[in-house]
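Here's final_34.cif, which has mmCIF, C-alpha atoms and all ligand atoms:
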data_model
loop_
_atom_site.label_atom_id
_atom_site.label_comp_id
_atom_site.auth_asym_id
_atom_site.auth_seq_id
_atom_site.Cartn_x
_atom_site.Cartn_y
_atom_site.Cartn_z
CA MET J 3 -11.51 -29.64 -36.50
CA SER J 4 -9.64 -28.37 -33.48
CA GLU J 5 -11.38 -25.90 -31.21
CA ILE J 6 -8.85 -25.39 -28.51
CA ARG J 7 -6.17 -22.79 -29.11
CA LEU J 8 -3.53 -21.10 -27.03
CA LEU J 9 -4.34 -17.44 -26.48
CA ASP J 10 -1.77 -14.95 -27.69
CA GLN J 11 0.40 -13.31 -25.02
CA ASN J 12 -1.35 -9.98 -25.24
CA THR J 13 -4.76 -11.51 -24.58
CA ILE J 14 -3.35 -13.61 -21.74
CA ASN J 15 -1.93 -10.46 -20.18
CA LYS J 16 -5.17 -8.54 -20.50
CA ILE J 17 -7.12 -11.32 -18.82
CA ALA J 18 -4.53 -11.79 -16.09
CA ALA J 19 -4.47 -8.04 -15.49
CA GLY J 20 -7.93 -8.36 -14.00
CA GLU J 21 -6.40 -10.21 -11.06
CA VAL J 22 -4.06 -7.39 -10.13
CA VAL J 23 -5.67 -4.26 -11.52
CA GLU J 24 -9.25 -3.88 -10.50
CA ARG J 25 -9.41 -0.10 -10.29
CA PRO J 26 -7.19 3.01 -10.13
CA SER J 27 -6.45 2.42 -6.43
CA SER J 28 -4.98 -1.00 -7.27
CA VAL J 29 -2.63 0.70 -9.74
CA VAL J 30 -1.58 3.20 -7.09
CA LYS J 31 -1.08 0.39 -4.58
CA GLU J 32 1.18 -1.61 -6.85
CA LEU J 33 3.24 1.37 -7.98
CA VAL J 34 3.71 2.91 -4.56
CA GLU J 35 4.69 -0.49 -3.18
CA ASN J 36 7.29 -0.72 -5.93
CA SER J 37 8.63 2.68 -4.86
CA ILE J 38 8.85 1.51 -1.25
CA ASP J 39 10.59 -1.70 -2.32
CA ALA J 40 13.03 0.48 -4.30
CA GLY J 41 14.08 2.15 -1.05
CA ALA J 42 12.50 5.55 -1.76
CA SER J 43 12.44 8.09 1.08
CA ALA J 44 10.04 10.41 -0.74
CA ILE J 45 7.08 9.42 -2.92
CA THR J 46 4.71 11.78 -4.72
CA ILE J 47 1.39 10.51 -6.00
CA GLU J 48 -0.57 12.70 -8.36
CA ILE J 49 -3.97 11.81 -9.79
CA LYS J 50 -6.61 13.37 -11.96
CA GLU J 51 -10.20 12.24 -12.49
CA GLY J 52 -9.98 9.75 -9.63
CA GLY J 53 -6.92 8.20 -11.25
CA ILE J 54 -8.91 6.99 -14.24
CA SER J 55 -7.32 9.35 -16.77
CA PHE J 56 -4.04 10.14 -14.99
CA ILE J 57 -1.79 8.73 -12.27
CA ARG J 58 1.80 9.85 -11.77
CA ILE J 59 4.07 8.35 -9.12
CA THR J 60 7.50 9.83 -8.56
CA ASP J 61 10.07 8.29 -6.23
CA ASN J 62 13.71 8.79 -5.32
CA GLY J 63 14.39 5.06 -5.10
CA LYS J 64 17.07 3.02 -6.82
CA GLY J 65 15.64 3.26 -10.33
CA ILE J 66 15.51 0.67 -13.11
CA SER J 67 18.52 0.12 -15.36
CA LYS J 68 18.49 0.28 -19.18
CA GLU J 69 19.12 -3.47 -19.24
CA ASP J 70 16.10 -4.22 -17.05
CA ILE J 71 13.42 -1.84 -18.23
CA GLN J 72 11.85 -4.13 -20.84
CA THR J 73 12.06 -7.21 -18.63
CA ALA J 74 10.33 -5.34 -15.81
CA PHE J 75 7.18 -5.28 -17.96
CA ILE J 76 7.17 -9.01 -18.68
CA ARG J 77 4.80 -11.05 -16.53
CA HIS J 78 6.46 -12.97 -13.69
CA SER J 79 9.68 -11.03 -13.95
CA THR J 80 10.89 -9.74 -10.60
CA SER J 81 14.12 -8.73 -8.93
CA LYS J 82 12.73 -9.63 -5.52
CA ILE J 83 12.74 -13.42 -5.31
CA LYS J 84 14.62 -16.15 -7.12
CA SER J 85 12.79 -19.30 -6.07
CA ILE J 86 9.90 -20.60 -4.01
CA GLU J 87 12.10 -20.93 -0.91
CA ASP J 88 12.50 -17.15 -0.81
CA LEU J 89 8.78 -16.78 -0.17
CA ILE J 90 9.23 -17.71 3.47
CA THR J 91 11.51 -14.80 4.22
CA VAL J 92 10.55 -12.29 1.53
CA SER J 93 10.35 -8.85 3.09
CA SER J 94 9.55 -6.79 -0.03
CA LEU J 95 5.93 -5.81 -0.64
CA GLY J 96 6.02 -7.25 -4.15
CA PHE J 97 7.47 -10.51 -5.43
CA ARG J 98 5.07 -11.84 -8.07
CA GLY J 99 6.37 -9.74 -10.90
CA GLU J 100 2.88 -9.16 -12.23
CA ALA J 101 2.07 -5.53 -11.55
CA LEU J 102 3.91 -3.69 -14.31
CA ALA J 103 2.89 -6.25 -16.94
CA SER J 104 -0.73 -6.11 -15.81
CA ILE J 105 -0.92 -2.33 -15.65
CA ALA J 106 0.77 -1.91 -19.03
CA ALA J 107 -1.67 -4.39 -20.60
CA VAL J 108 -4.66 -2.18 -19.82
CA SER J 109 -3.35 1.40 -19.97
CA GLN J 110 -0.84 3.79 -21.52
CA VAL J 111 2.38 3.82 -19.50
CA GLU J 112 5.40 6.09 -19.56
CA VAL J 113 8.39 5.45 -17.31
CA ILE J 114 11.29 7.81 -16.72
CA THR J 115 13.94 6.22 -14.58
CA LYS J 116 17.60 6.35 -13.67
CA THR J 117 19.74 4.28 -11.31
CA TYR J 118 22.43 5.76 -9.09
CA ASP J 119 25.17 4.25 -11.25
CA ASP J 120 23.89 5.16 -14.72
CA ILE J 121 24.89 8.51 -16.16
CA THR J 122 21.79 8.88 -18.27
CA GLY J 123 18.27 7.71 -17.63
CA ILE J 124 15.71 6.03 -19.81
CA ARG J 125 12.26 6.97 -21.05
CA TYR J 126 10.15 3.96 -21.88
CA VAL J 127 6.63 4.04 -23.31
CA ILE J 128 4.38 1.00 -23.47
CA GLU J 129 0.68 1.03 -24.39
CA GLY J 130 -1.75 -1.87 -24.20
CA GLY J 131 1.20 -4.16 -23.57
CA ARG J 132 3.03 -3.06 -26.72
CA GLU J 133 6.32 -1.18 -26.60
CA VAL J 134 6.05 2.25 -28.23
CA SER J 135 9.48 3.75 -27.60
CA LYS J 136 12.66 3.49 -25.55
CA GLU J 137 15.18 6.31 -25.46
CA GLU J 138 17.97 7.67 -23.33
CA ILE J 139 17.30 10.93 -21.55
CA GLY J 140 18.74 13.04 -18.79
CA CYS J 141 16.72 12.77 -15.55
CA PRO J 142 17.17 12.64 -11.80
CA GLU J 143 17.79 9.40 -9.92
CA GLY J 144 14.65 7.47 -9.15
CA THR J 145 11.54 6.59 -11.07
CA THR J 146 8.56 8.47 -12.43
CA ILE J 147 5.76 6.38 -13.85
CA ILE J 148 2.70 7.83 -15.55
CA ILE J 149 -0.43 5.78 -16.17
CA LYS J 150 -2.96 7.26 -18.54
CA ASN J 151 -6.46 6.12 -19.46
CA LEU J 152 -6.84 2.98 -17.41
CA PHE J 153 -8.84 0.27 -19.21
CA TYR J 154 -8.89 2.31 -22.45
CA ASN J 155 -8.61 -0.97 -24.34
CA THR J 156 -10.91 -3.03 -22.12
CA PRO J 157 -14.21 -1.10 -22.18
CA ALA J 158 -16.01 -3.83 -20.26
CA ARG J 159 -13.72 -3.19 -17.29
CA ARG J 160 -13.83 0.57 -17.61
CA LYS J 161 -17.60 0.42 -17.39
CA PHE J 162 -17.37 -1.04 -13.90
CA LEU J 163 -15.41 1.87 -12.49
CA LYS J 164 -17.23 4.16 -10.13
CA LYS J 165 -17.47 7.93 -10.35
CA PRO J 166 -14.07 9.71 -10.31
CA ALA J 167 -14.81 11.13 -6.85
CA THR J 168 -15.37 7.63 -5.47
CA GLU J 169 -12.29 6.16 -7.16
CA GLY J 170 -10.28 9.15 -5.89
CA ALA J 171 -11.53 8.57 -2.36
CA TYR J 172 -10.32 4.94 -2.49
CA ILE J 173 -6.89 6.18 -3.52
CA SER J 174 -6.78 8.82 -0.83
CA GLU J 175 -7.78 6.28 1.81
CA PHE J 176 -5.15 3.87 0.61
CA ILE J 177 -2.38 6.49 0.66
CA ASN J 178 -3.29 7.38 4.23
CA LYS J 179 -2.84 3.75 5.20
CA LEU J 180 0.45 3.45 3.39
CA ALA J 181 1.82 6.68 4.83
CA LEU J 182 0.90 5.55 8.33
CA GLY J 183 2.58 2.23 7.69
CA ASN J 184 5.78 3.88 6.46
CA ILE J 185 6.51 6.77 8.77
CA GLY J 186 10.10 7.02 7.56
CA ILE J 187 8.92 7.91 4.05
CA SER J 188 7.59 11.32 3.06
CA PHE J 189 4.37 10.94 1.07
CA LYS J 190 2.81 13.69 -0.97
CA PHE J 191 -0.62 13.23 -2.51
CA ILE J 192 -1.83 15.69 -5.13
CA TYR J 193 -5.43 15.37 -6.27
CA ASN J 194 -6.62 17.55 -9.17
CA ASN J 195 -3.67 19.92 -8.64
CA THR J 196 -4.29 20.31 -4.88
CA ILE J 197 -1.99 18.90 -2.21
CA LYS J 198 -4.18 16.66 -0.05
CA LEU J 199 -1.53 15.07 2.13
CA HIS J 200 2.10 15.67 2.89
CA THR J 201 3.77 13.59 5.58
CA SER J 202 7.17 14.54 6.90
CA GLY J 203 8.68 11.07 6.86
CA ASN J 204 10.61 11.92 10.04
CA ASN J 205 9.92 8.50 11.61
CA VAL J 206 7.84 9.95 14.45
CA LEU J 207 4.51 8.16 14.58
CA LYS J 208 2.70 10.99 16.36
CA ASP J 209 3.77 13.45 13.65
CA CYS J 210 2.50 11.12 10.95
CA ILE J 211 -0.84 10.65 12.70
CA PHE J 212 -1.05 14.42 12.96
CA ASN J 213 -0.24 14.89 9.24
CA ILE J 214 -2.97 12.46 8.26
CA TYR J 215 -5.71 12.79 10.85
CA GLY J 216 -5.09 16.10 12.57
CA LYS J 217 -4.82 17.36 16.12
CA GLU J 218 -7.96 15.91 17.70
CA ILE J 219 -6.92 12.34 16.99
CA VAL J 220 -3.32 12.82 18.14
CA LYS J 221 -4.48 14.45 21.35
CA ASN J 222 -6.90 11.65 22.12
CA SER J 223 -4.69 8.65 21.43
CA VAL J 224 -2.76 6.54 23.91
CA PRO J 225 0.20 4.26 23.43
CA ILE J 226 -0.16 0.51 23.20
CA GLU J 227 2.73 -1.85 23.73
CA ILE J 228 2.74 -5.63 23.84
CA ASN J 229 5.84 -7.78 24.12
CA ASN J 230 6.05 -11.51 24.20
CA ASP J 231 8.42 -14.13 22.87
CA GLN J 232 6.56 -14.55 19.59
CA PHE J 233 5.84 -10.97 18.52
CA LYS J 234 5.89 -7.31 19.45
CA ILE J 235 3.16 -4.73 19.06
CA ASN J 236 3.52 -0.98 19.41
CA GLY J 237 1.60 2.08 18.32
CA PHE J 238 -1.33 4.23 19.37
CA ILE J 239 -5.01 3.62 19.89
CA GLY J 240 -7.76 6.22 20.12
CA LYS J 241 -9.76 6.92 23.24
CA PRO J 242 -13.38 5.82 22.91
CA LYS J 243 -14.55 9.40 22.52
CA ILE J 244 -12.94 9.72 19.08
CA SER J 245 -14.68 6.63 17.75
CA ARG J 246 -16.20 6.68 14.27
CA ALA J 247 -19.24 5.32 12.52
CA ILE J 248 -16.95 3.60 9.99
CA ARG J 249 -14.13 1.08 10.30
CA ASN J 250 -11.71 3.06 8.11
CA TYR J 251 -9.73 4.30 11.08
CA GLU J 252 -8.66 0.85 12.22
CA ASN J 253 -5.08 0.64 10.97
CA TYR J 254 -2.71 -2.22 11.72
CA TYR J 255 0.41 -3.47 10.05
CA ILE J 256 2.40 -6.66 10.09
CA ASN J 257 6.12 -6.37 9.48
CA GLY J 258 5.51 -3.05 7.75
CA ARG J 259 2.77 -4.41 5.52
CA TYR J 260 -0.75 -3.00 5.57
CA ILE J 261 -3.10 -5.94 5.87
CA LYS J 262 -6.65 -6.93 6.57
CA SER J 263 -7.37 -9.56 9.14
CA LYS J 264 -10.70 -10.65 10.57
CA ILE J 265 -8.90 -11.97 13.65
CA ILE J 266 -7.23 -8.64 14.37
CA MET J 267 -10.38 -6.67 13.67
CA LYS J 268 -12.31 -8.85 16.08
CA ALA J 269 -9.58 -8.57 18.73
CA ILE J 270 -9.59 -4.77 18.47
CA GLU J 271 -13.33 -4.54 18.77
CA GLU J 272 -13.42 -7.00 21.67
CA GLY J 273 -10.74 -4.96 23.43
CA TYR J 274 -12.96 -1.90 23.17
CA LYS J 275 -16.13 -3.81 23.77
CA THR J 276 -17.56 -2.23 26.88
CA LYS J 277 -16.30 1.22 25.93
CA LEU J 278 -17.95 1.67 22.55
CA THR J 279 -21.57 1.52 21.60
CA VAL J 280 -22.72 -0.66 18.73
CA HIS J 281 -21.67 0.50 15.26
CA ARG J 282 -18.91 2.73 16.62
CA PHE J 283 -15.34 1.89 15.63
CA PRO J 284 -12.04 3.03 17.10
CA PHE J 285 -8.98 4.74 15.70
CA THR J 286 -5.93 2.49 15.86
CA ALA J 287 -2.45 2.60 14.40
CA PHE J 288 -0.32 -0.26 15.60
CA TYR J 289 2.47 -2.36 14.25
CA ILE J 290 3.00 -6.06 14.74
CA THR J 291 6.55 -7.32 14.38
CA ILE J 292 6.62 -11.08 14.03
CA ASN J 293 8.97 -13.73 12.74
CA PRO J 294 7.93 -14.08 9.04
CA GLU J 295 7.97 -17.86 9.42
CA LEU J 296 4.96 -17.63 11.73
CA ILE J 297 2.73 -16.01 9.09
CA ASP J 298 1.68 -16.59 5.50
CA VAL J 299 1.27 -13.46 3.41
CA ASN J 300 0.90 -15.39 0.20
CA VAL J 301 -2.84 -15.95 0.56
CA HIS J 302 -4.16 -13.58 -2.08
CA PRO J 303 -2.57 -11.89 -5.12
CA THR J 304 -3.01 -8.45 -3.63
CA LYS J 305 -1.42 -9.74 -0.42
CA MET J 306 -3.76 -7.82 1.83
CA GLU J 307 -4.63 -10.90 3.82
CA VAL J 308 -2.36 -12.67 6.24
CA ARG J 309 -2.70 -16.03 7.96
CA PHE J 310 -1.17 -16.70 11.34
CA ASN J 311 0.21 -20.04 12.46
CA ASN J 312 -1.20 -19.32 15.89
CA GLU J 313 -4.24 -17.08 15.65
CA SER J 314 -5.43 -17.30 19.22
CA ILE J 315 -2.24 -15.96 20.79
CA ILE J 316 -2.37 -12.85 18.53
CA TYR J 317 -6.06 -12.42 19.22
CA GLU J 318 -5.69 -12.61 22.99
CA ALA J 319 -2.65 -10.33 23.05
CA ILE J 320 -4.32 -7.55 21.06
CA LYS J 321 -7.58 -7.81 22.92
CA SER J 322 -5.99 -7.62 26.35
CA GLY J 323 -3.38 -5.07 25.20
CA ILE J 324 -6.12 -2.70 24.13
CA TYR J 325 -8.12 -3.34 27.25
CA GLU J 326 -5.08 -2.54 29.40
CA ALA J 327 -4.15 0.60 27.46
CA LEU J 328 -7.69 1.92 27.85
CA ARG J 329 -7.84 0.98 31.53
CA LYS J 330 -4.75 3.10 32.15
CA VAL J 331 -6.50 6.07 30.52
CA ASP J 332 -9.43 5.63 32.85
CA LEU J 333 -7.10 5.85 35.84
CA ILE J 334 -5.88 9.29 34.78
CA PRO J 335 -8.70 11.79 35.22
CA GLU J 336 -9.32 14.11 32.29
CA VAL J 337 -8.48 17.70 33.03
CA SER J 338 -11.55 19.79 32.46
CA LEU J 339 -11.59 23.56 32.36
CA ASN J 340 -15.09 23.71 33.73
CA ASN J 341 -14.51 22.29 37.19
P1 LIG I 1 7.30 -7.13 -8.30
O1 LIG I 1 7.14 -5.85 -7.53
O2 LIG I 1 6.39 -8.21 -7.82
O3 LIG I 1 8.73 -7.57 -8.42
P2 LIG I 1 6.43 -5.53 -10.57
O4 LIG I 1 5.81 -5.92 -11.86
O5 LIG I 1 5.68 -4.63 -9.67
O6 LIG I 1 6.80 -6.88 -9.81
O7 LIG I 1 7.84 -4.88 -10.87
C1 LIG I 1 8.80 -5.60 -11.65
C2 LIG I 1 10.22 -5.17 -11.29
O8 LIG I 1 10.44 -3.83 -11.75
C3 LIG I 1 10.51 -5.12 -9.81
O9 LIG I 1 10.90 -6.40 -9.32
C4 LIG I 1 11.62 -4.09 -9.72
O10 LIG I 1 12.86 -4.68 -9.97
C5 LIG I 1 11.31 -3.14 -10.88
N1 LIG I 1 10.62 -1.91 -10.43
C6 LIG I 1 9.30 -1.62 -10.53
N2 LIG I 1 9.01 -0.40 -10.04
C7 LIG I 1 10.18 0.13 -9.62
C8 LIG I 1 10.56 1.38 -9.01
N3 LIG I 1 9.65 2.36 -8.73
N4 LIG I 1 11.88 1.57 -8.72
C9 LIG I 1 12.79 0.61 -8.98
N5 LIG I 1 12.50 -0.59 -9.56
C10 LIG I 1 11.22 -0.83 -9.87
MG MG I 2 5.44 -4.71 -7.54
#
Could I get this structure in the form of structure tokens?
Amino acid sequence: MSEIRLLDQNTINKIAAGEVVERPSSVVKELVENSIDAGASAITIEIKEGGISFIRITDNGKGISKEDIQTAFIRHSTSKIKSIEDLITVSSLGFRGEALASIAAVSQVEVITKTYDDITGIRYVIEGGREVSKEEIGCPEGTTIIIKNLFYNTPARRKFLKKPATEGAYISEFINKLALGNIGISFKFIYNNTIKLHTSGNNVLKDCIFNIYGKEIVKNSVPIEINNDQFKINGFIGKPKISRAIRNYENYYINGRYIKSKIIMKAIEEGYKTKLTVHRFPFTAFYITINPELIDVNVHPTKMEVRFNNESIIYEAIKSGIYEALRKVDLIPEVSLNN
């Protein structure tokens, strides 16, 4: 008797969804990245109950056409690459075509979307991977996507979620990072009906830092600039006196992408070494622009990790760039009102 069988598509999708959708913040990440890839200049993220019961993302990007809406929810369907060769130069945040399929497999999804060219828009509802309805409606250009009851059909996964406040904090943290990485986009974050963040999207880094972190951090940050023939780095780094007990304020981006890198983290902390006591971490917001052929962003499905062809040159540049930027600060005496 045969024991091996091919799983049905719905089960395959639910299992695969675990790779992409771990928690509400992963849903927000995927959807906001889609909005950015769609060329949006304004993105609103609204959540309730830490995103577990409700997430709504609204963008003014290019929208999805009637012809594409169903395909968009099929695994490995993407408009962003055509073949493996494109991976070398891909500049979009997404390219795997897995997010919408994964999210729809484990939640209740409603999309309202319209392209610039279409006269009417479309409302598409898909729950647990099964299409519920598709109808034409009047709506503005862009896309609104609502995700309700994440993991409603996979109780084992739902059980592993943390308290709504904790899940909400992950989302908030992530939106801060994204907003800082995309200063030309206006981000609005609404948590339980309260506006928590609203960036202007005016392309001025200082304004964005102010919107997210407030006056103290802006006032106590200094510019960093590194230029060499392989890459460019620019941004701001915090003076030692605004250091934190947590690493959350270390922000760095490669070619517009928010990433995590042990090499960069180590370089930052080495650059600050003599200026910070143990277990204190700096504020940084800098941007690395590098030829995409010198990095590999395809390391992990969530694409948060990047590998460099030449790690040591990046490491040395950041470390000495930070050291230099801080040394300049030391040369300018602080103006004190007391003496
Ligand atoms: P990927 O982003 O890897 O291509 P997704 O599953 O996230 O895969 O999205 C599938 C496709 O749906 C995208 O390639 C894009 O064409 C379309 N899409 C998704 N979200 C949006 C959006 N907010 N605006 C316009 N198009 C979108
Ligand atoms: Mg995507």
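Residues in contact range of segment 319-327 of chain J, defined as at most 6 Å between only C-alpha atoms, with sequence neighbours fewer than 3 positions away removed, read Ile226, Ala269, Ile270, Gly273, Ile316 and Lys330 of chain J.
Once Thr168 of chain J and its same-chain neighbours fewer than 3 positions away are set aside, Arg25, Pro26, Ser27, Glu51, Gly52, Gly53, Ile54, Leu163, Lys164, Lys165, Ala171, Tyr172, Ile173, Ser174 and Glu175 of chain J remain within 12 Å of it when counting only C-alpha atoms.
Checking J:Ser4, J:Asn15, J:Thr46, J:Asn236 one by one against Gly130 of chain J, counting only C-alpha atoms, you find the shortest gap at J:Asn15.
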message = Please return as a list in words the residues found within 10 Å of ligand MG 2 (chain I), counting only C-alpha atoms and all ligand atoms.
response = Val29, Lys31, Glu32, Leu33, Val34, Glu35, Asn36, Ser37, Ile38, Asp39, Ala40, Ala74, Ser79, Thr80, Ser81, Lys82, Ser94, Leu95, Gly96, Phe97, Arg98, Gly99, Glu100, Ala101, Leu102 and Ala103 of chain J
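When only C-alpha atoms are used to measure the gap to Asn293 of chain J, the shortest distance among J:Thr91, J:Asn253, J:Glu21, J:Thr276 belongs to J:Thr91.
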